file upload_28.csv (CSV, C-alpha atoms)
chain,number,residue,atom,x,y,z
A,1,MET,CA,0.0,0.0,0.0
A,2,PHE,CA,2.8,2.5,1.0
A,3,ASP,CA,6.5,2.1,1.1
A,4,TYR,CA,8.6,1.9,4.2
A,5,GLU,CA,9.3,5.6,4.3
A,6,ILE,CA,5.6,6.5,4.4
A,7,PHE,CA,4.9,4.2,7.3
A,8,ARG,CA,7.9,5.6,9.2
A,9,LEU,CA,6.5,9.1,8.8
A,10,ILE,CA,3.0,7.9,9.7
A,11,TRP,CA,4.3,6.4,13.0
A,12,TRP,CA,6.4,9.5,13.7
A,13,GLY,CA,3.2,11.5,13.5
A,14,LEU,CA,1.1,9.0,15.4
A,15,LEU,CA,3.7,8.9,18.2
A,16,GLY,CA,3.3,12.7,18.4
A,17,VAL,CA,-0.5,12.4,18.5
A,18,LEU,CA,-0.4,9.9,21.3
A,19,LEU,CA,2.1,11.9,23.4
A,20,THR,CA,0.1,15.1,22.8
A,21,GLY,CA,-3.1,13.2,23.8
A,22,PHE,CA,-1.4,12.1,27.0
A,23,ALA,CA,-0.2,15.7,27.8
A,24,LEU,CA,-3.7,17.1,27.1
A,25,LEU,CA,-5.8,14.7,29.1
A,26,ASP,CA,-3.5,13.3,31.8
A,27,GLY,CA,-2.1,16.9,31.9
A,28,PHE,CA,-5.1,18.3,33.7
A,29,ASP,CA,-5.1,15.3,36.1
A,30,PHE,CA,-1.5,16.0,37.0
A,31,GLY,CA,-2.0,19.8,37.1
A,32,SER,CA,-5.1,19.8,39.2
A,33,MET,CA,-3.7,17.4,41.8
A,34,ALA,CA,-0.4,19.4,42.0
A,35,LEU,CA,-2.5,22.5,42.7
A,36,MET,CA,-5.0,20.8,45.0
A,37,PRO,CA,-3.3,21.5,48.3
A,38,PHE,CA,-2.9,25.2,47.5
A,39,LEU,CA,-6.3,25.9,45.9
A,40,GLY,CA,-8.3,23.9,48.4
A,41,LYS,CA,-8.2,25.7,51.8
A,42,ASN,CA,-10.2,23.1,53.7
A,43,ASP,CA,-11.1,19.4,53.3
A,44,GLU,CA,-14.4,20.2,51.6
A,45,GLU,CA,-12.7,22.3,48.9
A,46,ARG,CA,-10.0,19.7,48.4
A,47,ARG,CA,-12.6,17.0,47.9
A,48,VAL,CA,-14.3,19.1,45.3
A,49,ILE,CA,-11.0,19.4,43.4
A,50,ILE,CA,-10.2,15.7,43.7
A,51,ASN,CA,-13.6,14.7,42.4
A,52,THR,CA,-13.3,16.9,39.3
A,53,VAL,CA,-10.9,14.3,38.0
A,54,GLY,CA,-12.2,11.3,40.0
A,55,PRO,CA,-14.3,9.8,37.2
A,56,VAL,CA,-11.7,10.2,34.5
A,57,TRP,CA,-8.1,10.0,35.7
A,58,GLU,CA,-7.8,6.3,35.3
A,59,GLY,CA,-9.1,6.5,31.7
A,60,ASN,CA,-6.8,9.3,30.9
A,61,GLN,CA,-3.8,7.1,31.7
A,62,VAL,CA,-4.7,5.0,28.6
A,63,TRP,CA,-2.8,7.6,26.6
A,64,LEU,CA,0.3,7.0,28.6
A,65,ILE,CA,0.0,3.2,28.0
A,66,LEU,CA,-0.7,3.8,24.3
A,67,GLY,CA,2.3,6.1,24.0
A,68,GLY,CA,4.6,3.6,25.8
A,69,GLY,CA,3.3,0.7,23.7
A,70,ALA,CA,3.8,2.6,20.5
A,71,ILE,CA,7.4,3.4,21.4
A,72,PHE,CA,8.0,-0.3,22.3
A,73,ALA,CA,6.4,-1.7,19.1
A,74,ALA,CA,7.2,1.0,16.4
A,75,TRP,CA,10.5,2.4,17.7
A,76,PRO,CA,12.1,-0.5,19.7
A,77,ALA,CA,15.6,1.2,19.6
A,78,ILE,CA,14.2,4.3,21.2
A,79,TYR,CA,12.5,2.2,23.9
A,80,ALA,CA,15.7,0.3,24.6
A,81,VAL,CA,17.9,3.4,24.9
A,82,ALA,CA,15.4,5.7,26.7
A,83,PHE,CA,14.1,3.2,29.2
A,84,SER,CA,17.5,1.8,30.0
A,85,GLY,CA,19.5,5.0,30.0
A,86,PHE,CA,16.8,6.9,31.9
A,87,TYR,CA,16.0,4.0,34.2
A,88,LEU,CA,16.3,5.7,37.5
A,89,ALA,CA,14.3,8.7,36.2
A,90,MET,CA,11.6,6.4,34.9
A,91,PHE,CA,11.6,4.6,38.2
A,92,LEU,CA,10.8,7.9,40.0
A,93,VAL,CA,7.9,8.4,37.5
A,94,LEU,CA,6.7,4.8,38.2
A,95,CYS,CA,6.8,5.4,42.0
A,96,ALA,CA,4.8,8.6,41.6
A,97,LEU,CA,2.2,6.8,39.3
A,98,ILE,CA,1.9,4.0,41.9
A,99,LEU,CA,1.4,6.6,44.7
A,100,ARG,CA,-1.4,8.2,42.6
A,101,PRO,CA,-4.1,5.6,42.8
A,102,VAL,CA,-3.3,4.7,46.3
A,103,SER,CA,-3.7,8.3,47.4
A,104,PHE,CA,-7.0,8.6,45.5
A,105,LYS,CA,-8.4,5.4,47.0
A,106,TYR,CA,-7.3,5.8,50.6
A,107,ARG,CA,-7.6,9.5,51.2
A,108,SER,CA,-11.3,9.4,52.3
A,109,LYS,CA,-11.1,6.2,54.2
A,110,LEU,CA,-10.6,8.0,57.5
A,111,PRO,CA,-12.0,11.4,58.5
A,112,THR,CA,-9.0,12.6,60.5
A,113,ALA,CA,-7.3,15.8,59.2
A,114,LYS,CA,-3.7,14.3,59.5
A,115,TRP,CA,-4.6,11.2,57.5
A,116,ARG,CA,-6.2,13.2,54.7
A,117,ARG,CA,-3.4,15.8,54.6
A,118,ASN,CA,-0.8,13.1,54.2
A,119,TRP,CA,-2.6,11.6,51.2
A,120,ASP,CA,-2.9,15.1,49.8
A,121,TYR,CA,0.9,15.2,49.8
A,122,GLY,CA,0.8,11.9,47.9
A,123,LEU,CA,-1.5,13.5,45.2
A,124,LEU,CA,0.7,16.5,45.1
A,125,ILE,CA,3.9,14.4,44.5
A,126,SER,CA,2.1,12.2,41.9
A,127,GLY,CA,0.9,15.3,40.1
A,128,ALA,CA,4.1,17.2,40.0
A,129,VAL,CA,6.9,14.6,39.6
A,130,PRO,CA,5.9,13.0,36.3
A,131,PRO,CA,5.6,16.2,34.3
A,132,VAL,CA,9.0,17.4,35.5
A,133,ILE,CA,10.7,14.1,34.7
A,134,PHE,CA,9.1,13.9,31.3
A,135,GLY,CA,10.2,17.4,30.6
A,136,VAL,CA,13.7,16.7,31.8
A,137,ALA,CA,13.8,13.7,29.4
A,138,VAL,CA,12.8,15.9,26.5
A,139,GLY,CA,15.5,18.5,27.5
A,140,ASN,CA,18.1,15.8,27.4
A,141,ALA,CA,16.9,14.6,24.0
A,142,LEU,CA,17.4,18.1,22.7
A,143,LEU,CA,20.9,18.1,24.1
A,144,GLY,CA,21.8,14.6,23.0
A,145,VAL,CA,22.0,11.5,25.2
A,146,PRO,CA,25.4,9.8,25.9
A,147,PHE,CA,24.9,6.4,24.3
A,148,GLU,CA,26.4,4.3,21.5
A,149,PHE,CA,26.2,0.8,20.0
A,150,ASP,CA,28.9,-1.8,19.8
A,151,ASP,CA,29.6,-4.1,16.9
A,152,THR,CA,26.7,-6.4,18.0
A,153,MET,CA,24.3,-3.5,18.4
A,154,ARG,CA,24.4,-3.6,22.2
A,155,MET,CA,23.7,-0.2,23.7
A,156,ASN,CA,26.2,1.4,26.0
A,157,TYR,CA,24.9,4.4,28.1
A,158,THR,CA,27.5,6.4,30.0
A,159,GLY,CA,25.3,9.0,31.8
A,160,SER,CA,23.7,9.1,35.3
A,161,LEU,CA,20.6,10.5,37.0
A,162,LEU,CA,22.5,13.6,38.1
A,163,ASP,CA,23.7,14.1,34.5
A,164,LEU,CA,20.1,14.2,33.4
A,165,LEU,CA,19.4,17.0,35.9
A,166,ASN,CA,21.4,19.6,34.0
A,167,PRO,CA,20.3,23.3,34.0
A,168,PHE,CA,18.9,23.2,30.4
A,169,ALA,CA,16.9,20.0,31.0
A,170,VAL,CA,15.6,21.3,34.3
A,171,MET,CA,14.3,24.4,32.5
A,172,VAL,CA,12.5,22.2,30.0
A,173,GLY,CA,11.1,20.2,32.9
A,174,LEU,CA,9.8,23.5,34.4
A,175,VAL,CA,8.1,24.2,31.0
A,176,SER,CA,6.4,20.8,31.2
A,177,LEU,CA,5.3,21.4,34.8
A,178,THR,CA,3.9,24.9,34.3
A,179,MET,CA,2.0,23.9,31.2
A,180,MET,CA,0.4,21.0,33.2
A,181,LEU,CA,-0.4,23.4,36.0
A,182,THR,CA,-2.1,25.7,33.5
A,183,GLN,CA,-4.1,22.8,32.1
A,184,GLY,CA,-5.1,21.8,35.6
A,185,ALA,CA,-6.0,25.3,36.6
A,186,THR,CA,-8.2,25.9,33.5
A,187,TRP,CA,-9.8,22.5,34.1
A,188,LEU,CA,-10.7,23.5,37.6
A,189,ALA,CA,-12.0,26.8,36.4
A,190,VAL,CA,-14.4,24.9,34.2
A,191,LYS,CA,-15.4,22.3,36.7
A,192,THR,CA,-15.7,24.2,40.0
A,193,GLU,CA,-17.3,27.4,41.3
A,194,GLY,CA,-17.1,29.8,44.1
A,195,ALA,CA,-13.8,30.4,45.9
A,196,VAL,CA,-12.1,27.3,44.4
A,197,GLY,CA,-13.0,28.4,40.9
A,198,GLU,CA,-11.7,32.0,41.5
A,199,ARG,CA,-8.4,30.7,42.8
A,200,ALA,CA,-8.1,28.4,39.8
A,201,LYS,CA,-8.7,31.3,37.5
A,202,ARG,CA,-5.9,33.3,39.1
A,203,ALA,CA,-3.6,30.3,38.9
A,204,ALA,CA,-4.4,29.8,35.2
A,205,LEU,CA,-3.5,33.5,34.5
A,206,ARG,CA,-0.1,33.2,36.3
A,207,PHE,CA,1.0,29.8,35.0
A,208,SER,CA,0.0,30.3,31.4
A,209,LEU,CA,2.2,33.4,31.3
A,210,VAL,CA,5.1,31.6,33.1
A,211,THR,CA,4.8,28.7,30.6
A,212,MET,CA,5.1,31.1,27.6
A,213,LEU,CA,8.0,32.9,29.1
A,214,LEU,CA,9.9,29.7,29.9
A,215,PHE,CA,9.1,28.3,26.5
A,216,VAL,CA,10.6,31.5,24.8
A,217,ALA,CA,13.6,31.3,27.2
A,218,VAL,CA,14.3,27.7,26.2
A,219,GLY,CA,14.1,28.7,22.5
A,220,ILE,CA,16.6,31.5,23.1
A,221,TRP,CA,18.9,29.1,25.0
A,222,VAL,CA,18.8,26.6,22.1
A,223,LYS,CA,19.5,29.4,19.6
A,224,ILE,CA,22.4,30.9,21.5
A,225,SER,CA,23.9,27.5,22.3
A,226,GLY,CA,23.7,26.3,18.7
A,227,LEU,CA,22.1,23.0,19.7
A,228,GLY,CA,21.2,20.5,17.1
A,229,TYR,CA,22.2,17.6,14.9
A,230,HIS,CA,22.3,17.2,11.2
A,231,ILE,CA,22.6,14.1,9.0
A,232,SER,CA,25.5,14.9,6.7
A,233,SER,CA,25.6,11.7,4.6
A,234,ALA,CA,23.2,10.3,2.1
A,235,ILE,CA,19.9,8.9,3.5
A,236,ASP,CA,18.1,5.8,2.5
A,237,PHE,CA,14.5,6.5,3.5
A,238,ASN,CA,13.6,2.9,2.9
A,239,GLY,CA,16.7,1.4,4.2
A,240,PRO,CA,17.2,-1.0,7.1
A,241,SER,CA,16.8,0.0,10.7
A,242,ASN,CA,20.5,0.3,11.5
A,243,PRO,CA,21.6,3.6,13.1
A,244,THR,CA,25.3,3.0,12.4
A,245,LEU,CA,25.1,3.5,8.6
A,246,LYS,CA,25.1,7.4,8.5
A,247,THR,CA,27.2,10.3,9.4
A,248,VAL,CA,25.9,13.0,11.7
A,249,THR,CA,27.4,16.4,12.7
A,250,ALA,CA,26.5,18.1,16.0
A,251,GLY,CA,26.0,21.8,16.7
A,252,GLY,CA,25.4,24.6,14.2
A,253,GLY,CA,21.9,25.5,15.6
A,254,GLU,CA,20.4,22.7,13.5
A,255,TRP,CA,17.2,22.6,15.7
A,256,PHE,CA,16.2,25.7,13.9
A,257,ALA,CA,17.0,24.4,10.4
A,258,ASN,CA,13.5,22.9,9.7
A,259,PHE,CA,11.9,26.3,10.6
A,260,ALA,CA,14.3,28.1,8.3
A,261,ALA,CA,13.7,25.6,5.4
A,262,MET,CA,9.9,25.9,5.8
A,263,PRO,CA,8.8,29.2,7.4
A,264,VAL,CA,5.2,28.0,7.7
A,265,LEU,CA,6.4,25.7,10.6
A,266,TRP,CA,6.8,28.8,12.7
A,267,LEU,CA,3.0,28.5,13.2
A,268,VAL,CA,3.7,25.6,15.5
A,269,PRO,CA,5.5,27.5,18.2
A,270,ALA,CA,3.2,30.4,17.6
A,271,LEU,CA,0.4,28.2,19.0
A,272,VAL,CA,2.0,28.6,22.4
A,273,ILE,CA,1.7,32.4,22.3
A,274,LEU,CA,-1.8,32.2,20.8
A,275,GLY,CA,-2.9,29.7,23.5
A,276,THR,CA,-1.5,32.0,26.2
A,277,ILE,CA,-3.4,35.0,24.8
A,278,ILE,CA,-6.6,33.0,24.7
A,279,VAL,CA,-6.2,31.9,28.3
A,280,GLN,CA,-5.5,35.4,29.5
A,281,TRP,CA,-8.5,36.8,27.6
A,282,ALA,CA,-10.9,34.0,28.3
A,283,ILE,CA,-10.4,33.8,32.0
A,284,ARG,CA,-10.7,37.5,32.4
A,285,VAL,CA,-14.0,37.7,30.5
A,286,GLY,CA,-15.5,34.6,32.3
A,287,LYS,CA,-15.1,32.0,29.6
A,288,PRO,CA,-13.2,29.2,31.4
A,289,LEU,CA,-13.9,26.6,28.8
A,290,LEU,CA,-12.3,28.7,26.1
A,291,GLY,CA,-9.4,29.2,28.5
A,292,PHE,CA,-9.1,25.4,28.7
A,293,ILE,CA,-9.0,25.2,24.9
A,294,GLY,CA,-6.3,27.9,24.9
A,295,SER,CA,-4.2,25.9,27.4
A,296,SER,CA,-4.6,22.8,25.2
A,297,LEU,CA,-3.4,24.8,22.1
A,298,SER,CA,-0.3,25.8,24.1
A,299,ILE,CA,0.4,22.2,25.0
A,300,ILE,CA,0.0,21.1,21.3
A,301,GLY,CA,2.4,23.9,20.4
A,302,VAL,CA,5.1,22.9,23.0
A,303,VAL,CA,5.0,19.2,22.2
A,304,SER,CA,4.9,19.8,18.4
A,305,THR,CA,7.7,22.3,18.4
A,306,ALA,CA,10.0,19.8,20.0
A,307,GLY,CA,9.1,17.2,17.4
A,308,VAL,CA,9.3,19.5,14.4
A,309,ALA,CA,12.6,21.0,15.6
A,310,MET,CA,14.3,17.6,16.0
A,311,PHE,CA,12.9,15.9,12.9
A,312,PRO,CA,14.1,13.4,11.6
A,313,PHE,CA,16.0,12.8,14.9
A,314,LEU,CA,14.2,10.9,17.7
A,315,LEU,CA,17.1,10.5,20.1
A,316,PRO,CA,20.4,12.0,19.2
A,317,SER,CA,23.6,10.6,20.7
A,318,SER,CA,26.0,13.1,22.2
A,319,LEU,CA,28.6,10.3,22.8
A,320,ASN,CA,28.7,9.2,19.1
A,321,PRO,CA,26.5,11.4,16.9
A,322,ASN,CA,26.7,9.0,14.0
A,323,MET,CA,24.7,6.5,16.1
A,324,SER,CA,21.8,8.9,16.8
A,325,LEU,CA,18.4,7.4,16.3
A,326,THR,CA,16.2,8.8,13.6
A,327,VAL,CA,12.9,8.2,11.9
A,328,TRP,CA,14.8,6.5,9.0
A,329,ASP,CA,16.8,4.0,11.0
A,330,ALA,CA,15.1,3.3,14.4
A,331,SER,CA,11.8,1.8,13.4
A,332,SER,CA,10.4,-1.7,13.5
A,333,SER,CA,10.1,-3.7,10.3
A,334,HIS,CA,7.9,-2.6,7.4
A,335,THR,CA,5.5,-5.5,8.1
A,336,THR,CA,5.2,-4.6,11.8
A,337,LEU,CA,4.4,-1.0,11.0
A,338,ILE,CA,1.7,-2.1,8.5
A,339,VAL,CA,0.1,-4.4,11.1
A,340,MET,CA,0.2,-1.6,13.7
A,341,THR,CA,-1.3,0.9,11.4
A,342,ILE,CA,-4.3,-1.4,10.7
A,343,ALA,CA,-4.7,-2.0,14.4
A,344,SER,CA,-4.6,1.7,15.1
A,345,LEU,CA,-7.2,2.4,12.5
A,346,ILE,CA,-9.5,0.0,14.3
A,347,PHE,CA,-8.8,0.8,18.0
A,348,VAL,CA,-7.8,4.4,18.2
A,349,PRO,CA,-11.3,5.6,17.0
A,350,ILE,CA,-12.8,3.3,19.7
A,351,VAL,CA,-10.6,4.9,22.3
A,352,LEU,CA,-11.6,8.4,21.1
A,353,GLY,CA,-15.2,7.5,21.0
A,354,TYR,CA,-15.6,6.1,24.5
A,355,THR,CA,-13.4,9.0,25.8
A,356,ALA,CA,-15.7,11.6,24.2
A,357,TRP,CA,-18.8,9.7,25.5
A,358,ALA,CA,-17.4,9.5,29.0
A,359,TYR,CA,-16.7,13.2,29.2
A,360,LYS,CA,-20.2,14.0,27.8
A,361,ILE,CA,-21.8,11.8,30.5
A,362,MET,CA,-19.8,13.4,33.3
A,363,ALA,CA,-20.0,17.0,32.1
A,364,GLY,CA,-21.0,19.7,34.6
A,365,LYS,CA,-19.5,21.3,37.7
A,366,VAL,CA,-18.6,19.5,40.9
A,367,THR,CA,-20.0,21.4,43.9
A,368,ALA,CA,-19.7,21.2,47.6
A,369,ALA,CA,-23.4,20.3,47.9
A,370,TYR,CA,-22.8,17.3,45.6
A,371,ILE,CA,-19.9,16.2,47.7
A,372,LYS,CA,-22.0,16.3,50.9
A,373,GLU,CA,-24.9,14.4,49.3
A,374,GLN,CA,-22.6,11.7,47.8
A,375,SER,CA,-20.0,11.7,50.7
A,376,ASP,CA,-19.9,8.0,51.0
A,377,SER,CA,-19.4,7.2,47.3
A,378,VAL,CA,-17.0,9.9,46.1
A,379,TYR,CA,-13.3,10.5,46.9

call {"tool": "encode", "arguments": {"input": "upload_28.csv", "output": "structure tokens"}}
result
Amino acid sequence: MFDYEIFRLIWWGLLGVLLTGFALLDGFDFGSMALMPFLGKNDEERRVIINTVGPVWEGNQVWLILGGGAIFAAWPAIYAVAFSGFYLAMFLVLCALILRPVSFKYRSKLPTAKWRRNWDYGLLISGAVPPVIFGVAVGNALLGVPFEFDDTMRMNYTGSLLDLLNPFAVMVGLVSLTMMLTQGATWLAVKTEGAVGERAKRAALRFSLVTMLLFVAVGIWVKISGLGYHISSAIDFNGPSNPTLKTVTAGGGEWFANFAAMPVLWLVPALVILGTIIVQWAIRVGKPLLGFIGSSLSIIGVVSTAGVAMFPFLLPSSLNPNMSLTVWDASSSHTTLIVMTIASLIFVPIVLGYTAWAYKIMAGKVTAAYIKEQSDSVY
């Protein structure tokens, strides 16, 4: 039906869609729980905040599973390098994700303030840690990761957890965290009312602006530092998945090369600025749903900018740039991508369909009165 090159491009795009879907949907889960101890001044207000995501947070994690599964199946070399090299960082994410359901389930089991406050800290940690770690991972991908392959294609990673926490990667981690906080704040502005809703609106105004400023600062850093990688040898778009068959040069500000070659691509990072403007305006005129849409546009802009800037690189190697992983040499076989594409055409619409139906059924605001009436059945 299509040649190998087309399927590689399709799965590069689908991976971006899955990761963006995760950032959009699980993003407001993470953000609202990270904000919960600060926006909720008493137990009743905190229960309101928790129950805005109570019916949907488990379903939203489907996007994380889909994204991880897509990397494993479509880009096995990326999965091997990232999940091995970033093992301790991913372990921290896993610990936070394990703490998340436990905190949800156990928080309301006892009425004591100390018990519930401790589980609130668990929700705070589980909401703040994953976005930061995911952002740090993206920051290190932009810098290049210290790995290479030997003659038998076994991967050798020479970095450490502390190496990952370099200033540039931490700044990208802060971009990730603040955009999730903006998403969570706009979600709470839509789903709550009264004092909680007003605090959420103020938080959305602050964090959306901080996200945009940090995003611009990262772009300036990339430009001044001349970060980037460039394939300087001939490329076989339909060639075998062997990352050792090319020549790559590092530096020269290559992460801006795609934007220079196709100026229309500047519309992608412009989404971040547009989304911020929408959030600022919509929240001030009392249209929180439009603010949530603006925050979502910003997230799409941030995630897509990283993907467009790095294309065709998926995970550059700072140790041996020639062994960097790209769209053209890190994918599964042609047959595997065909089978995965067929499966995606069947199951992704189903996932989208039941997700849309679930949100339609559970639309509306969560109020303190509802929490009192359903106290025994809600979080």

call {"tool": "atom_distance", "arguments": {"input": "upload_28.csv", "atom1": "atom CA of A:Ile283", "atom2": "atom CA of A:Ala195"}}
result
14.7 Å

call {"tool": "residues_near_point", "arguments": {"input": "upload_28.csv", "point": "(-14.0, 34.2, 32.1)", "cutoff": "12 Å", "atoms": "all atoms listed in the file", "output": "VMD selection string"}}
result
chain A and resid 186 189 to 190 193 197 to 198 200 to 202 204 to 205 278 to 292

call {"tool": "write_last_selection", "arguments": {"input": "upload_28.csv", "atoms": "C-alpha atoms", "output": "short mmCIF file (atom, residue, chain, number, x, y, z; two decimals), keeping the file's coordinate frame"}}
result
data_model
loop_
_atom_site.label_atom_id
_atom_site.label_comp_id
_atom_site.auth_asym_id
_atom_site.auth_seq_id
_atom_site.Cartn_x
_atom_site.Cartn_y
_atom_site.Cartn_z
CA THR A 186 -8.20 25.90 33.50
CA ALA A 189 -12.00 26.80 36.40
CA VAL A 190 -14.40 24.90 34.20
CA GLU A 193 -17.30 27.40 41.30
CA GLY A 197 -13.00 28.40 40.90
CA GLU A 198 -11.70 32.00 41.50
CA ALA A 200 -8.10 28.40 39.80
CA LYS A 201 -8.70 31.30 37.50
CA ARG A 202 -5.90 33.30 39.10
CA ALA A 204 -4.40 29.80 35.20
CA LEU A 205 -3.50 33.50 34.50
CA ILE A 278 -6.60 33.00 24.70
CA VAL A 279 -6.20 31.90 28.30
CA GLN A 280 -5.50 35.40 29.50
CA TRP A 281 -8.50 36.80 27.60
CA ALA A 282 -10.90 34.00 28.30
CA ILE A 283 -10.40 33.80 32.00
CA ARG A 284 -10.70 37.50 32.40
CA VAL A 285 -14.00 37.70 30.50
CA GLY A 286 -15.50 34.60 32.30
CA LYS A 287 -15.10 32.00 29.60
CA PRO A 288 -13.20 29.20 31.40
CA LEU A 289 -13.90 26.60 28.80
CA LEU A 290 -12.30 28.70 26.10
CA GLY A 291 -9.40 29.20 28.50
CA PHE A 292 -9.10 25.40 28.70
#

call {"tool": "closest_residue", "arguments": {"input": "upload_28.csv", "among": "A:Ala70, A:Val303, A:Val17, A:Met155", "to": "A:Asn320", "atoms": "all atoms listed in the file"}}
result
A:Met155

call {"tool": "atom_distance", "arguments": {"input": "upload_28.csv", "atom1": "atom CA of A:Gln374", "atom2": "atom CA of A:Asn42"}}
result
17.8 Å

call {"tool": "closest_residue", "arguments": {"input": "upload_28.csv", "among": "A:Gly173, A:Trp12, A:Ile133, A:Leu110", "to": "A:Ala74", "atoms": "all atoms listed in the file"}}
result
A:Trp12

call {"tool": "atom_distance", "arguments": {"input": "upload_28.csv", "atom1": "atom CA of A:Ile299", "atom2": "atom CA of A:Leu124"}}
result
20.9 Å

call {"tool": "residues_around", "arguments": {"input": "upload_28.csv", "residues": "A:Gly135", "least_positions_apart": "3", "cutoff": "9 Å", "atoms": "all atoms listed in the file", "output": "list in words"}}
result
Pro130, Pro131, Val132, Val138, Gly139, Asn140, Ala169, Val170, Met171, Val172, Gly173, Leu174, Val175, Ser176 and Leu177 of chain A

call {"tool": "closest_atom_pairs", "arguments": {"input": "upload_28.csv", "of": "stretch 191-282 of chain A", "to": "stretch 333-344 of chain A", "cutoff": "12 Å", "atoms": "only C-alpha atoms", "output": "CSV"}}
result
residue,atom,partner,partner_atom,distance
A:Phe237,CA,A:His334,CA,11.9
A:Asn238,CA,A:His334,CA,9.1
A:Gly239,CA,A:His334,CA,10.2
A:Pro240,CA,A:Ser333,CA,8.2
A:Ser241,CA,A:Ser333,CA,7.7
A:Asn242,CA,A:Ser333,CA,11.2

call {"tool": "closest_residue", "arguments": {"input": "upload_28.csv", "among": "A:Ile350, A:Ala257, A:Met33, A:Val268", "to": "A:Tyr229", "atoms": "only C-alpha atoms"}}
result
A:Ala257

call {"tool": "residues_around", "arguments": {"input": "upload_28.csv", "residues": "A:Glu254", "least_positions_apart": "3", "cutoff": "10 Å", "atoms": "only C-alpha atoms", "output": "list in words"}}
result
Val222, Lys223, Gly226, Leu227, Gly228, Tyr229, His230, Ile231, Thr249, Ala250, Gly251, Ala257, Asn258, Phe259, Ala260, Ala309 and Met310 of chain A

call {"tool": "write_last_selection", "arguments": {"input": "upload_28.csv", "atoms": "C-alpha atoms", "output": "tab-separated table (two decimals), in the coordinates of the input"}}
result
chain	number	residue	atom	x	y	z
A	222	VAL	CA	18.80	26.60	22.10
A	223	LYS	CA	19.50	29.40	19.60
A	226	GLY	CA	23.70	26.30	18.70
A	227	LEU	CA	22.10	23.00	19.70
A	228	GLY	CA	21.20	20.50	17.10
A	229	TYR	CA	22.20	17.60	14.90
A	230	HIS	CA	22.30	17.20	11.20
A	231	ILE	CA	22.60	14.10	9.00
A	249	THR	CA	27.40	16.40	12.70
A	250	ALA	CA	26.50	18.10	16.00
A	251	GLY	CA	26.00	21.80	16.70
A	257	ALA	CA	17.00	24.40	10.40
A	258	ASN	CA	13.50	22.90	9.70
A	259	PHE	CA	11.90	26.30	10.60
A	260	ALA	CA	14.30	28.10	8.30
A	309	ALA	CA	12.60	21.00	15.60
A	310	MET	CA	14.30	17.60	16.00

call {"tool": "residues_near_point", "arguments": {"input": "upload_28.csv", "point": "(21.0, 10.1, 17.2)", "cutoff": "12 Å", "atoms": "only C-alpha atoms", "output": "PyMOL selection string"}}
result
chain A and resi 77-78+81-82+141-149+228-231+242-250+310-330

call {"tool": "write_last_selection", "arguments": {"input": "upload_28.csv", "atoms": "C-alpha atoms", "output": "tab-separated table (two decimals), keeping the file's coordinate frame"}}
result
chain	number	residue	atom	x	y	z
A	77	ALA	CA	15.60	1.20	19.60
A	78	ILE	CA	14.20	4.30	21.20
A	81	VAL	CA	17.90	3.40	24.90
A	82	ALA	CA	15.40	5.70	26.70
A	141	ALA	CA	16.90	14.60	24.00
A	142	LEU	CA	17.40	18.10	22.70
A	143	LEU	CA	20.90	18.10	24.10
A	144	GLY	CA	21.80	14.60	23.00
A	145	VAL	CA	22.00	11.50	25.20
A	146	PRO	CA	25.40	9.80	25.90
A	147	PHE	CA	24.90	6.40	24.30
A	148	GLU	CA	26.40	4.30	21.50
A	149	PHE	CA	26.20	0.80	20.00
A	228	GLY	CA	21.20	20.50	17.10
A	229	TYR	CA	22.20	17.60	14.90
A	230	HIS	CA	22.30	17.20	11.20
A	231	ILE	CA	22.60	14.10	9.00
A	242	ASN	CA	20.50	0.30	11.50
A	243	PRO	CA	21.60	3.60	13.10
A	244	THR	CA	25.30	3.00	12.40
A	245	LEU	CA	25.10	3.50	8.60
A	246	LYS	CA	25.10	7.40	8.50
A	247	THR	CA	27.20	10.30	9.40
A	248	VAL	CA	25.90	13.00	11.70
A	249	THR	CA	27.40	16.40	12.70
A	250	ALA	CA	26.50	18.10	16.00
A	310	MET	CA	14.30	17.60	16.00
A	311	PHE	CA	12.90	15.90	12.90
A	312	PRO	CA	14.10	13.40	11.60
A	313	PHE	CA	16.00	12.80	14.90
A	314	LEU	CA	14.20	10.90	17.70
A	315	LEU	CA	17.10	10.50	20.10
A	316	PRO	CA	20.40	12.00	19.20
A	317	SER	CA	23.60	10.60	20.70
A	318	SER	CA	26.00	13.10	22.20
A	319	LEU	CA	28.60	10.30	22.80
A	320	ASN	CA	28.70	9.20	19.10
A	321	PRO	CA	26.50	11.40	16.90
A	322	ASN	CA	26.70	9.00	14.00
A	323	MET	CA	24.70	6.50	16.10
A	324	SER	CA	21.80	8.90	16.80
A	325	LEU	CA	18.40	7.40	16.30
A	326	THR	CA	16.20	8.80	13.60
A	327	VAL	CA	12.90	8.20	11.90
A	328	TRP	CA	14.80	6.50	9.00
A	329	ASP	CA	16.80	4.00	11.00
A	330	ALA	CA	15.10	3.30	14.40

call {"tool": "closest_residue", "arguments": {"input": "upload_28.csv", "among": "A:Gly16, A:Val210, A:Gly184, A:Ser331", "to": "A:Ala80", "atoms": "all atoms listed in the file"}}
result
A:Ser331

call {"tool": "residues_around", "arguments": {"input": "upload_28.csv", "residues": "A:Tyr359", "least_positions_apart": "3", "cutoff": "12 Å", "atoms": "all atoms listed in the file", "output": "count of residues only"}}
result
18

call {"tool": "closest_residue", "arguments": {"input": "upload_28.csv", "among": "A:Asp236, A:Ala358, A:Phe134, A:Met153", "to": "A:Tyr4", "atoms": "only C-alpha atoms"}}
result
A:Asp236
